[in-house]
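**Q** The file below is coords.pdb, PDB, C-alpha atoms and all ligand atoms:
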```pdb
MODEL        1
ATOM      1  CA  MET G   4      43.169   3.867 -13.670  1.00  0.00           C
ATOM      2  CA  ASN G   5      39.692   4.669 -12.370  1.00  0.00           C
ATOM      3  CA  ASP G   6      39.085   4.679  -8.628  1.00  0.00           C
ATOM      4  CA  LEU G   7      36.528   2.273  -7.243  1.00  0.00           C
ATOM      5  CA  HIS G   8      33.832   3.230  -4.752  1.00  0.00           C
ATOM      6  CA  GLN G   9      32.070   0.977  -2.290  1.00  0.00           C
ATOM      7  CA  VAL G  10      28.317   0.697  -2.770  1.00  0.00           C
ATOM      8  CA  ARG G  11      26.155  -1.030  -0.192  1.00  0.00           C
ATOM      9  CA  VAL G  12      22.596  -1.336  -1.425  1.00  0.00           C
ATOM     10  CA  THR G  13      19.554  -3.420  -0.633  1.00  0.00           C
ATOM     11  CA  VAL G  14      17.936  -4.814  -3.758  1.00  0.00           C
ATOM     12  CA  ASN G  15      14.661  -6.700  -3.440  1.00  0.00           C
ATOM     13  CA  GLY G  16      15.334  -7.147   0.281  1.00  0.00           C
ATOM     14  CA  ARG G  17      18.867  -8.530  -0.126  1.00  0.00           C
ATOM     15  CA  GLU G  18      21.962  -6.526   0.718  1.00  0.00           C
ATOM     16  CA  TYR G  19      24.820  -6.266  -1.772  1.00  0.00           C
ATOM     17  CA  LEU G  20      28.263  -4.739  -1.377  1.00  0.00           C
ATOM     18  CA  ARG G  21      30.224  -3.973  -4.519  1.00  0.00           C
ATOM     19  CA  ALA G  22      33.183  -1.803  -5.552  1.00  0.00           C
ATOM     20  CA  VAL G  23      32.274   0.140  -8.680  1.00  0.00           C
ATOM     21  CA  GLU G  24      33.519   2.929 -10.886  1.00  0.00           C
ATOM     22  CA  ALA G  25      31.911   6.307 -10.233  1.00  0.00           C
ATOM     23  CA  ARG G  26      30.565   6.447 -13.782  1.00  0.00           C
ATOM     24  CA  LEU G  27      28.688   3.112 -13.604  1.00  0.00           C
ATOM     25  CA  LEU G  28      24.971   3.586 -14.284  1.00  0.00           C
ATOM     26  CA  LEU G  29      22.483   2.042 -11.883  1.00  0.00           C
ATOM     27  CA  SER G  30      20.911   0.160 -14.817  1.00  0.00           C
ATOM     28  CA  ASP G  31      24.270  -1.403 -15.710  1.00  0.00           C
ATOM     29  CA  PHE G  32      24.998  -2.115 -12.052  1.00  0.00           C
ATOM     30  CA  LEU G  33      21.738  -4.033 -11.693  1.00  0.00           C
ATOM     31  CA  ARG G  34      22.141  -5.921 -14.947  1.00  0.00           C
ATOM     32  CA  HIS G  35      25.863  -6.606 -15.077  1.00  0.00           C
ATOM     33  CA  GLU G  36      27.046  -6.556 -11.462  1.00  0.00           C
ATOM     34  CA  LEU G  37      23.989  -8.191  -9.870  1.00  0.00           C
ATOM     35  CA  GLY G  38      22.683 -10.187 -12.830  1.00  0.00           C
ATOM     36  CA  LEU G  39      19.199  -8.677 -12.516  1.00  0.00           C
ATOM     37  CA  THR G  40      18.500  -8.444 -16.223  1.00  0.00           C
ATOM     38  CA  GLY G  41      14.758  -7.927 -15.804  1.00  0.00           C
ATOM     39  CA  THR G  42      15.473  -4.204 -15.766  1.00  0.00           C
ATOM     40  CA  HIS G  43      15.643  -3.365 -19.449  1.00  0.00           C
ATOM     41  CA  VAL G  44      17.627  -0.647 -21.156  1.00  0.00           C
ATOM     42  CA  GLY G  45      16.111   1.015 -24.193  1.00  0.00           C
ATOM     43  CA  CYS G  46      17.024   4.616 -24.866  1.00  0.00           C
ATOM     44  CA  GLU G  47      19.602   5.093 -22.070  1.00  0.00           C
ATOM     45  CA  HIS G  48      18.677   8.755 -21.770  1.00  0.00           C
ATOM     46  CA  GLY G  49      15.532   8.909 -19.702  1.00  0.00           C
ATOM     47  CA  VAL G  50      12.873   8.781 -22.405  1.00  0.00           C
ATOM     48  CA  CYS G  51      11.475   5.248 -22.736  1.00  0.00           C
ATOM     49  CA  GLY G  52      10.957   4.196 -19.108  1.00  0.00           C
ATOM     50  CA  ALA G  53      12.064   0.596 -19.758  1.00  0.00           C
ATOM     51  CA  CYS G  54      14.693   0.868 -17.018  1.00  0.00           C
ATOM     52  CA  THR G  55      12.285   2.026 -14.289  1.00  0.00           C
ATOM     53  CA  VAL G  56      12.956   0.632 -10.798  1.00  0.00           C
ATOM     54  CA  LEU G  57      11.852   1.735  -7.353  1.00  0.00           C
ATOM     55  CA  LEU G  58      14.291   3.689  -5.208  1.00  0.00           C
ATOM     56  CA  ASP G  59      13.039   3.790  -1.621  1.00  0.00           C
ATOM     57  CA  GLY G  60       9.589   3.062  -3.069  1.00  0.00           C
ATOM     58  CA  GLU G  61       9.581   5.774  -5.751  1.00  0.00           C
ATOM     59  CA  PRO G  62       9.850   5.018  -9.470  1.00  0.00           C
ATOM     60  CA  VAL G  63      13.104   6.256 -10.987  1.00  0.00           C
ATOM     61  CA  ARG G  64      14.870   5.752 -14.290  1.00  0.00           C
ATOM     62  CA  SER G  65      17.896   3.639 -13.523  1.00  0.00           C
ATOM     63  CA  CYS G  66      19.686   4.842 -16.683  1.00  0.00           C
ATOM     64  CA  LEU G  67      19.751   8.358 -15.232  1.00  0.00           C
ATOM     65  CA  LEU G  68      21.273   7.398 -11.888  1.00  0.00           C
ATOM     66  CA  LEU G  69      24.738   6.280 -10.971  1.00  0.00           C
ATOM     67  CA  ALA G  70      25.233   3.191  -8.869  1.00  0.00           C
ATOM     68  CA  VAL G  71      27.150   5.245  -6.298  1.00  0.00           C
ATOM     69  CA  GLN G  72      24.024   7.381  -5.773  1.00  0.00           C
ATOM     70  CA  VAL G  73      22.072   4.455  -4.318  1.00  0.00           C
ATOM     71  CA  ASP G  74      24.623   3.702  -1.615  1.00  0.00           C
ATOM     72  CA  GLY G  75      22.719   3.006   1.610  1.00  0.00           C
ATOM     73  CA  ARG G  76      19.335   2.913  -0.100  1.00  0.00           C
ATOM     74  CA  ALA G  77      16.767   0.330  -1.138  1.00  0.00           C
ATOM     75  CA  VAL G  78      16.051  -0.606  -4.746  1.00  0.00           C
ATOM     76  CA  ALA G  79      13.245  -2.803  -6.010  1.00  0.00           C
ATOM     77  CA  THR G  80      13.321  -4.387  -9.453  1.00  0.00           C
ATOM     78  CA  VAL G  81      10.829  -6.478 -11.382  1.00  0.00           C
ATOM     79  CA  GLU G  82      12.502  -9.660 -10.070  1.00  0.00           C
ATOM     80  CA  GLY G  83      11.254  -8.766  -6.596  1.00  0.00           C
ATOM     81  CA  LEU G  84       7.579  -8.358  -7.494  1.00  0.00           C
ATOM     82  CA  ALA G  85       6.421 -11.965  -7.211  1.00  0.00           C
ATOM     83  CA  ARG G  86       6.264 -13.319  -3.683  1.00  0.00           C
ATOM     84  CA  ALA G  87       7.528 -16.792  -4.602  1.00  0.00           C
ATOM     85  CA  ALA G  88       9.207 -18.529  -7.509  1.00  0.00           C
ATOM     86  CA  GLY G  89       6.676 -19.593 -10.115  1.00  0.00           C
ATOM     87  CA  GLU G  90       4.150 -17.028  -8.919  1.00  0.00           C
ATOM     88  CA  LEU G  91       3.187 -13.735 -10.500  1.00  0.00           C
ATOM     89  CA  HIS G  92       2.445 -10.443  -8.796  1.00  0.00           C
ATOM     90  CA  PRO G  93      -1.282  -9.590  -9.192  1.00  0.00           C
ATOM     91  CA  LEU G  94      -0.371  -6.791 -11.605  1.00  0.00           C
ATOM     92  CA  GLN G  95       1.680  -9.203 -13.702  1.00  0.00           C
ATOM     93  CA  GLU G  96      -1.272 -11.590 -13.689  1.00  0.00           C
ATOM     94  CA  ALA G  97      -3.567  -8.821 -14.906  1.00  0.00           C
ATOM     95  CA  PHE G  98      -1.096  -7.935 -17.680  1.00  0.00           C
ATOM     96  CA  TRP G  99      -1.146 -11.600 -18.674  1.00  0.00           C
ATOM     97  CA  ASP G 100      -4.944 -11.890 -18.576  1.00  0.00           C
ATOM     98  CA  ALA G 101      -5.660  -8.579 -20.355  1.00  0.00           C
ATOM     99  CA  HIS G 102      -2.930  -9.027 -23.007  1.00  0.00           C
ATOM    100  CA  GLY G 103      -1.010  -6.032 -21.656  1.00  0.00           C
ATOM    101  CA  LEU G 104       2.212  -7.157 -23.319  1.00  0.00           C
ATOM    102  CA  GLN G 105       3.444  -8.487 -26.603  1.00  0.00           C
ATOM    103  CA  CYS G 106       7.242  -8.549 -26.896  1.00  0.00           C
ATOM    104  CA  GLY G 107       7.503  -7.673 -23.205  1.00  0.00           C
ATOM    105  CA  PHE G 108      10.512  -5.393 -23.531  1.00  0.00           C
ATOM    106  CA  CYS G 109       8.727  -2.432 -21.971  1.00  0.00           C
ATOM    107  CA  THR G 110       6.819  -4.478 -19.388  1.00  0.00           C
ATOM    108  CA  PRO G 111       9.212  -4.317 -16.405  1.00  0.00           C
ATOM    109  CA  GLY G 112       9.237  -0.530 -16.653  1.00  0.00           C
ATOM    110  CA  PHE G 113       5.449  -0.346 -16.824  1.00  0.00           C
ATOM    111  CA  LEU G 114       5.090  -2.684 -13.851  1.00  0.00           C
ATOM    112  CA  MET G 115       7.544  -0.761 -11.688  1.00  0.00           C
ATOM    113  CA  THR G 116       5.772   2.490 -12.581  1.00  0.00           C
ATOM    114  CA  LEU G 117       2.331   1.086 -11.881  1.00  0.00           C
ATOM    115  CA  VAL G 118       2.871  -0.842  -8.644  1.00  0.00           C
ATOM    116  CA  PRO G 119       3.264   2.349  -6.552  1.00  0.00           C
ATOM    117  CA  PHE G 120       0.589   4.074  -8.665  1.00  0.00           C
ATOM    118  CA  LEU G 121      -1.982   1.451  -7.653  1.00  0.00           C
ATOM    119  CA  GLU G 122      -1.034   1.922  -4.001  1.00  0.00           C
ATOM    120  CA  THR G 123      -2.059   5.561  -4.193  1.00  0.00           C
ATOM    121  CA  HIS G 124      -4.851   5.103  -6.781  1.00  0.00           C
ATOM    122  CA  PRO G 125      -6.872   2.038  -5.773  1.00  0.00           C
ATOM    123  CA  ASP G 126      -9.747   3.029  -8.071  1.00  0.00           C
ATOM    124  CA  PRO G 127      -8.037   4.822 -10.971  1.00  0.00           C
ATOM    125  CA  THR G 128      -9.778   6.319 -13.965  1.00  0.00           C
ATOM    126  CA  GLU G 129      -8.563   5.555 -17.459  1.00  0.00           C
ATOM    127  CA  ASP G 130      -7.251   9.112 -17.702  1.00  0.00           C
ATOM    128  CA  GLU G 131      -5.276   8.731 -14.480  1.00  0.00           C
ATOM    129  CA  ILE G 132      -3.744   5.496 -15.753  1.00  0.00           C
ATOM    130  CA  ARG G 133      -2.807   7.076 -19.074  1.00  0.00           C
ATOM    131  CA  HIS G 134      -1.209   9.964 -17.211  1.00  0.00           C
ATOM    132  CA  ALA G 135       0.685   7.569 -14.943  1.00  0.00           C
ATOM    133  CA  ILE G 136       2.157   5.675 -17.908  1.00  0.00           C
ATOM    134  CA  SER G 137       2.850   8.745 -20.005  1.00  0.00           C
ATOM    135  CA  GLY G 138       6.577   8.349 -19.335  1.00  0.00           C
ATOM    136  CA  ASN G 139       6.704   4.748 -20.535  1.00  0.00           C
ATOM    137  CA  LEU G 140       6.929   3.842 -24.208  1.00  0.00           C
ATOM    138  CA  CYS G 141       5.530   0.665 -25.736  1.00  0.00           C
ATOM    139  CA  ARG G 142       5.981  -0.070 -29.410  1.00  0.00           C
ATOM    140  CA  CYS G 143       3.661  -3.081 -29.541  1.00  0.00           C
ATOM    141  CA  THR G 144       0.390  -2.817 -27.670  1.00  0.00           C
ATOM    142  CA  GLY G 145      -1.077   0.571 -28.570  1.00  0.00           C
ATOM    143  CA  TYR G 146      -1.462   1.036 -24.786  1.00  0.00           C
ATOM    144  CA  GLN G 147      -5.169   0.104 -24.618  1.00  0.00           C
ATOM    145  CA  HIS G 148      -4.475  -3.396 -23.315  1.00  0.00           C
ATOM    146  CA  ILE G 149      -2.069  -1.986 -20.744  1.00  0.00           C
ATOM    147  CA  VAL G 150      -4.777   0.387 -19.521  1.00  0.00           C
ATOM    148  CA  ASP G 151      -7.226  -2.549 -19.436  1.00  0.00           C
ATOM    149  CA  ALA G 152      -4.715  -4.572 -17.409  1.00  0.00           C
ATOM    150  CA  VAL G 153      -4.361  -1.826 -14.827  1.00  0.00           C
ATOM    151  CA  LEU G 154      -8.128  -1.445 -14.539  1.00  0.00           C
ATOM    152  CA  LEU G 155      -8.409  -5.215 -14.079  1.00  0.00           C
ATOM    153  CA  ALA G 156      -5.670  -5.290 -11.439  1.00  0.00           C
ATOM    154  CA  ALA G 157      -7.300  -2.422  -9.548  1.00  0.00           C
ATOM    155  CA  GLN G 158     -10.711  -4.078  -9.683  1.00  0.00           C
ATOM    156  CA  ARG G 159      -9.320  -7.402  -8.406  1.00  0.00           C
ATOM    157  CA  ARG G 160      -7.423  -5.595  -5.682  1.00  0.00           C
ATOM    158  CA  ARG G 161     -10.559  -3.800  -4.484  1.00  0.00           C
ATOM    159  CA  GLN G 162     -12.562  -7.031  -4.554  1.00  0.00           C
ATOM    160  CA  GLY G 163      -9.777  -8.797  -2.650  1.00  0.00           C
ATOM    161  CA  SER G 164      -9.669  -6.153   0.047  1.00  0.00           C
ATOM    162  CA  ALA G 165     -13.498  -6.048   0.213  1.00  0.00           C
ATOM    163  CA  LYS G 166     -13.456  -9.792   0.987  1.00  0.00           C
ATOM    164  CA  GLY G 167     -10.666  -9.432   3.526  1.00  0.00           C
TER     165      GLY G 167
HETATM  166  S1  LIG X 201      16.571   3.185 -20.807  1.00  0.00           S
HETATM  167 FE1  LIG X 201      16.161   4.504 -19.161  1.00  0.00          FE
HETATM  168  S2  LIG X 201      14.535   5.710 -19.809  1.00  0.00           S
HETATM  169 FE2  LIG X 201      15.027   4.532 -21.566  1.00  0.00          FE
HETATM  170  S1  LIG X 202       5.138  -5.043 -25.406  1.00  0.00           S
HETATM  171 FE1  LIG X 202       6.681  -4.674 -26.914  1.00  0.00          FE
HETATM  172  S2  LIG X 202       7.402  -2.688 -26.425  1.00  0.00           S
HETATM  173 FE2  LIG X 202       5.714  -2.955 -25.115  1.00  0.00          FE
ENDMDL
END
```
How would this structure read if it were set down as structure tokens?
**A**
Amino acid sequence: MNDLHQVRVTVNGREYLRAVEARLLLSDFLRHELGLTGTHVGCEHGVCGACTVLLDGEPVRSCLLLAVQVDGRAVATVEGLARAAGELHPLQEAFWDAHGLQCGFCTPGFLMTLVPFLETHPDPTEDEIRHAISGNLCRCTGYQHIVDAVLLAAQRRRQGSAKG
């Protein structure tokens, strides 16, 4: 019989307490224990980036972490991006407008990689964007529309802050 371990974690601003097996992956914890299925699982060994979430604000691959490792920490998933139900985060809106997704399987991982990237790169070059997403695989888009979406989001963000 496997021992259970208490995990107290804040996910998208809400605190959860669960007893889990030591071997439970963070990706499975989010999807199966918390029902947050927006975090996708592709390769399950750190290659595709589909499972990317933020851990204390930094992008991490949730298939390479154990749930017990996030005890006491803060996780953000794609479900927490939009401020209100029925709304999209500005980056999601840009993905929509620039056709940055097709099947959408990879999209949560791209978004969670790019949200902190745009914080530190408000006026990114195409090369910087391509470097930032070099750890995320997409089988549908050919990447150009994703790059266009990030450029659009950055431009809107700069215009928004110029107005404000
Ligand atoms: S599922 Fe985690 S990197 Fe592919
Ligand atoms: S939109 Fe299908 S894998 Fe990226």
**Q** What is the atom CA of G:Thr40 to atom CA of G:Val153 distance in Å?
**A** 23.8 Å
**Q** Could you check how far atom CA of G:Asp130 sits from atom CA of G:Ala101, in Å to one decimal?
**A**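 That distance, rounded to one decimal, is 18.0 Å.
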**Q** Given all atoms listed in the file, how would the per-residue table for chain G near ligand LIG 201 (chain X) read, listing every residue at most 8 Å away with its closest atom pair and distance in Å to one decimal, sorted by chain and number, as a tab-separated table?
**A**
```
residue	atom	partner	partner_atom	distance
G:Ser30	CA	X:LIG201	FE1	7.8
G:His43	CA	X:LIG201	S1	6.8
G:Val44	CA	X:LIG201	S1	4.0
G:Gly45	CA	X:LIG201	S1	4.0
G:Cys46	CA	X:LIG201	FE2	3.9
G:Glu47	CA	X:LIG201	S1	3.8
G:His48	CA	X:LIG201	S2	5.5
G:Gly49	CA	X:LIG201	S2	3.4
G:Val50	CA	X:LIG201	S2	4.4
G:Cys51	CA	X:LIG201	FE2	3.8
G:Gly52	CA	X:LIG201	S2	3.9
G:Ala53	CA	X:LIG201	FE2	5.2
G:Cys54	CA	X:LIG201	FE1	4.5
G:Thr55	CA	X:LIG201	FE1	6.7
G:Arg64	CA	X:LIG201	FE1	5.2
G:Ser65	CA	X:LIG201	FE1	6.0
G:Cys66	CA	X:LIG201	FE1	4.3
G:Leu67	CA	X:LIG201	FE1	6.6
G:Asn139	CA	X:LIG201	S2	7.9
```
**Q** Can you pull out every residue with an atom within 12 Å of ligand LIG 202 (chain X)? Use all atoms listed in the file and format it as number ranges by chain.
**A** G: 43-45, 51-53, 98-99, 102-114, 136, 139-149
**Q** The residues within 10 Å of (2.5, -9.0, -11.0), using only C-alpha atoms and the coordinates of the file, should be reported as a list in words; which are they?
**A**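 Those residues, ordered by chain and then number, are Val81, Gly83, Leu84, Ala85, Arg86, Glu90, Leu91, His92, Pro93, Leu94, Gln95, Glu96, Ala97, Phe98, Trp99, Pro111, Leu114, Met115, Val118 and Ala156 of chain G.
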**Q** Using all atoms listed in the file, determine which residues lie at most 8 Å from G:Arg21, disregarding the query and same-chain residues fewer than 3 positions distant; provide the list as a list in words.
**A**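 Once the adjacent positions are removed, what remains is Gln9, Val10 and Arg11 of chain G.
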**Q** Please compute the atom CA of G:Asp100-atom CA of G:Asp59 distance, one decimal, in Å.
**A**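 Computed distance, atom CA of G:Asp100 to atom CA of G:Asp59, equals 29.3 Å.
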**Q** Could you name the residues that touch G:Thr13 at 7 Å or less, counting all atoms listed in the file, but leaving out those on the same chain fewer than 4 positions away, as a list in words?
**A**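 Using all atoms listed in the file, the neighbours found are Arg17, Glu18, Tyr19, Arg76, Ala77 and Val78 of chain G.
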**Q** May I have the selected residues written with C-alpha atoms, as a compact mmCIF listing (two decimals), keeping the file's coordinate frame?
**A**
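What ended up in selection_32.txt:
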```txt
# COMPACT_ATOMS: atom_id res chain seq x y z
CA ARG G 17 18.87 -8.53 -0.13
CA GLU G 18 21.96 -6.53 0.72
CA TYR G 19 24.82 -6.27 -1.77
CA ARG G 76 19.34 2.91 -0.10
CA ALA G 77 16.77 0.33 -1.14
CA VAL G 78 16.05 -0.61 -4.75
```
**Q** If the PyMOL selection byres (((chain G and resi 29) around 8) and not hetatm) were run on this exact file, what residues would it hold? Put them as a list in words.
**A**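 In the shown coordinates, the PyMOL selection byres (((chain G and resi 29) around 8) and not hetatm) covers Leu27, Leu28, Ser30, Asp31, Phe32, Leu33, Ser65, Cys66, Leu67, Leu68, Leu69, Ala70, Val71 and Val73 of chain G.
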**Q** Near G:His8, within 8 Å and counting all atoms listed in the file, which residues show up once chain neighbours fewer than 4 positions away are dropped, as an MDAnalysis selection string?
**A** chainID G and resid 22:25 71
**Q** Can you rebuild stretch 23-57 of chain G with N, CA and C atoms and give it as a PDB file, keeping the file's coordinate frame?
**A**
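Result written to result17.pdb:
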```
ATOM      1  N   VAL G  23      32.616  -0.221  -7.291  1.00  0.00           N
ATOM      2  CA  VAL G  23      32.274   0.140  -8.680  1.00  0.00           C
ATOM      3  C   VAL G  23      32.950   1.455  -9.081  1.00  0.00           C
ATOM      4  N   GLU G  24      33.048   1.642 -10.389  1.00  0.00           N
ATOM      5  CA  GLU G  24      33.519   2.929 -10.886  1.00  0.00           C
ATOM      6  C   GLU G  24      32.441   3.984 -10.706  1.00  0.00           C
ATOM      7  N   ALA G  25      32.863   5.217 -10.491  1.00  0.00           N
ATOM      8  CA  ALA G  25      31.911   6.307 -10.233  1.00  0.00           C
ATOM      9  C   ALA G  25      30.952   6.509 -11.398  1.00  0.00           C
ATOM     10  N   ARG G  26      31.401   6.171 -12.604  1.00  0.00           N
ATOM     11  CA  ARG G  26      30.565   6.447 -13.782  1.00  0.00           C
ATOM     12  C   ARG G  26      29.556   5.339 -14.082  1.00  0.00           C
ATOM     13  N   LEU G  27      29.566   4.251 -13.295  1.00  0.00           N
ATOM     14  CA  LEU G  27      28.688   3.112 -13.604  1.00  0.00           C
ATOM     15  C   LEU G  27      27.224   3.490 -13.379  1.00  0.00           C
ATOM     16  N   LEU G  28      26.403   3.297 -14.414  1.00  0.00           N
ATOM     17  CA  LEU G  28      24.971   3.586 -14.284  1.00  0.00           C
ATOM     18  C   LEU G  28      24.308   2.552 -13.387  1.00  0.00           C
ATOM     19  N   LEU G  29      23.228   2.983 -12.717  1.00  0.00           N
ATOM     20  CA  LEU G  29      22.483   2.042 -11.883  1.00  0.00           C
ATOM     21  C   LEU G  29      21.935   0.895 -12.739  1.00  0.00           C
ATOM     22  N   SER G  30      21.451   1.213 -13.944  1.00  0.00           N
ATOM     23  CA  SER G  30      20.911   0.160 -14.817  1.00  0.00           C
ATOM     24  C   SER G  30      21.992  -0.887 -15.124  1.00  0.00           C
ATOM     25  N   ASP G  31      23.192  -0.450 -15.416  1.00  0.00           N
ATOM     26  CA  ASP G  31      24.270  -1.403 -15.710  1.00  0.00           C
ATOM     27  C   ASP G  31      24.700  -2.150 -14.450  1.00  0.00           C
ATOM     28  N   PHE G  32      24.671  -1.464 -13.327  1.00  0.00           N
ATOM     29  CA  PHE G  32      24.998  -2.115 -12.052  1.00  0.00           C
ATOM     30  C   PHE G  32      24.027  -3.273 -11.796  1.00  0.00           C
ATOM     31  N   LEU G  33      22.741  -2.993 -11.956  1.00  0.00           N
ATOM     32  CA  LEU G  33      21.738  -4.033 -11.693  1.00  0.00           C
ATOM     33  C   LEU G  33      21.911  -5.200 -12.666  1.00  0.00           C
ATOM     34  N   ARG G  34      22.104  -4.876 -13.930  1.00  0.00           N
ATOM     35  CA  ARG G  34      22.141  -5.921 -14.947  1.00  0.00           C
ATOM     36  C   ARG G  34      23.469  -6.688 -14.945  1.00  0.00           C
ATOM     37  N   HIS G  35      24.573  -5.946 -14.875  1.00  0.00           N
ATOM     38  CA  HIS G  35      25.863  -6.606 -15.077  1.00  0.00           C
ATOM     39  C   HIS G  35      26.545  -7.016 -13.775  1.00  0.00           C
ATOM     40  N   GLU G  36      26.399  -6.202 -12.738  1.00  0.00           N
ATOM     41  CA  GLU G  36      27.046  -6.556 -11.462  1.00  0.00           C
ATOM     42  C   GLU G  36      26.194  -7.553 -10.679  1.00  0.00           C
ATOM     43  N   LEU G  37      24.855  -7.342 -10.693  1.00  0.00           N
ATOM     44  CA  LEU G  37      23.989  -8.191  -9.870  1.00  0.00           C
ATOM     45  C   LEU G  37      23.254  -9.258 -10.679  1.00  0.00           C
ATOM     46  N   GLY G  38      23.336  -9.168 -12.001  1.00  0.00           N
ATOM     47  CA  GLY G  38      22.683 -10.187 -12.830  1.00  0.00           C
ATOM     48  C   GLY G  38      21.170 -10.057 -12.887  1.00  0.00           C
ATOM     49  N   LEU G  39      20.654  -8.882 -12.514  1.00  0.00           N
ATOM     50  CA  LEU G  39      19.199  -8.677 -12.516  1.00  0.00           C
ATOM     51  C   LEU G  39      18.804  -8.062 -13.855  1.00  0.00           C
ATOM     52  N   THR G  40      18.696  -8.921 -14.852  1.00  0.00           N
ATOM     53  CA  THR G  40      18.500  -8.444 -16.223  1.00  0.00           C
ATOM     54  C   THR G  40      17.041  -8.176 -16.563  1.00  0.00           C
ATOM     55  N   GLY G  41      16.156  -8.288 -15.571  1.00  0.00           N
ATOM     56  CA  GLY G  41      14.758  -7.927 -15.804  1.00  0.00           C
ATOM     57  C   GLY G  41      14.583  -6.434 -16.011  1.00  0.00           C
ATOM     58  N   THR G  42      15.488  -5.645 -15.505  1.00  0.00           N
ATOM     59  CA  THR G  42      15.473  -4.204 -15.766  1.00  0.00           C
ATOM     60  C   THR G  42      16.045  -3.985 -17.161  1.00  0.00           C
ATOM     61  N   HIS G  43      15.218  -3.493 -18.051  1.00  0.00           N
ATOM     62  CA  HIS G  43      15.643  -3.365 -19.449  1.00  0.00           C
ATOM     63  C   HIS G  43      16.183  -1.973 -19.744  1.00  0.00           C
ATOM     64  N   VAL G  44      17.030  -1.912 -20.741  1.00  0.00           N
ATOM     65  CA  VAL G  44      17.627  -0.647 -21.156  1.00  0.00           C
ATOM     66  C   VAL G  44      17.245  -0.405 -22.614  1.00  0.00           C
ATOM     67  N   GLY G  45      16.520   0.680 -22.841  1.00  0.00           N
ATOM     68  CA  GLY G  45      16.111   1.015 -24.193  1.00  0.00           C
ATOM     69  C   GLY G  45      16.891   2.198 -24.710  1.00  0.00           C
ATOM     70  N   CYS G  46      16.448   3.388 -24.310  1.00  0.00           N
ATOM     71  CA  CYS G  46      17.024   4.616 -24.866  1.00  0.00           C
ATOM     72  C   CYS G  46      18.316   5.045 -24.173  1.00  0.00           C
ATOM     73  N   GLU G  47      18.456   4.677 -22.900  1.00  0.00           N
ATOM     74  CA  GLU G  47      19.602   5.093 -22.070  1.00  0.00           C
ATOM     75  C   GLU G  47      19.713   6.605 -21.896  1.00  0.00           C
ATOM     76  N   HIS G  48      18.634   7.338 -22.137  1.00  0.00           N
ATOM     77  CA  HIS G  48      18.677   8.755 -21.770  1.00  0.00           C
ATOM     78  C   HIS G  48      17.358   9.275 -21.210  1.00  0.00           C
ATOM     79  N   GLY G  49      16.653   8.422 -20.498  1.00  0.00           N
ATOM     80  CA  GLY G  49      15.532   8.909 -19.702  1.00  0.00           C
ATOM     81  C   GLY G  49      14.218   9.072 -20.421  1.00  0.00           C
ATOM     82  N   VAL G  50      14.094   8.545 -21.632  1.00  0.00           N
ATOM     83  CA  VAL G  50      12.873   8.781 -22.405  1.00  0.00           C
ATOM     84  C   VAL G  50      11.888   7.609 -22.365  1.00  0.00           C
ATOM     85  N   CYS G  51      12.388   6.375 -22.476  1.00  0.00           N
ATOM     86  CA  CYS G  51      11.475   5.248 -22.736  1.00  0.00           C
ATOM     87  C   CYS G  51      10.864   4.626 -21.491  1.00  0.00           C
ATOM     88  N   GLY G  52      11.507   4.750 -20.350  1.00  0.00           N
ATOM     89  CA  GLY G  52      10.957   4.196 -19.108  1.00  0.00           C
ATOM     90  C   GLY G  52      11.200   2.709 -18.916  1.00  0.00           C
ATOM     91  N   ALA G  53      11.856   2.046 -19.880  1.00  0.00           N
ATOM     92  CA  ALA G  53      12.064   0.596 -19.758  1.00  0.00           C
ATOM     93  C   ALA G  53      12.902   0.228 -18.538  1.00  0.00           C
ATOM     94  N   CYS G  54      13.741   1.160 -18.100  1.00  0.00           N
ATOM     95  CA  CYS G  54      14.693   0.868 -17.018  1.00  0.00           C
ATOM     96  C   CYS G  54      14.156   1.246 -15.641  1.00  0.00           C
ATOM     97  N   THR G  55      12.852   1.530 -15.551  1.00  0.00           N
ATOM     98  CA  THR G  55      12.285   2.026 -14.289  1.00  0.00           C
ATOM     99  C   THR G  55      12.407   0.986 -13.164  1.00  0.00           C
ATOM    100  N   VAL G  56      12.900   1.446 -12.025  1.00  0.00           N
ATOM    101  CA  VAL G  56      12.956   0.632 -10.798  1.00  0.00           C
ATOM    102  C   VAL G  56      12.444   1.519  -9.667  1.00  0.00           C
ATOM    103  N   LEU G  57      12.252   0.929  -8.509  1.00  0.00           N
ATOM    104  CA  LEU G  57      11.852   1.735  -7.353  1.00  0.00           C
ATOM    105  C   LEU G  57      13.082   2.027  -6.502  1.00  0.00           C
TER     106      LEU G  57
END
```
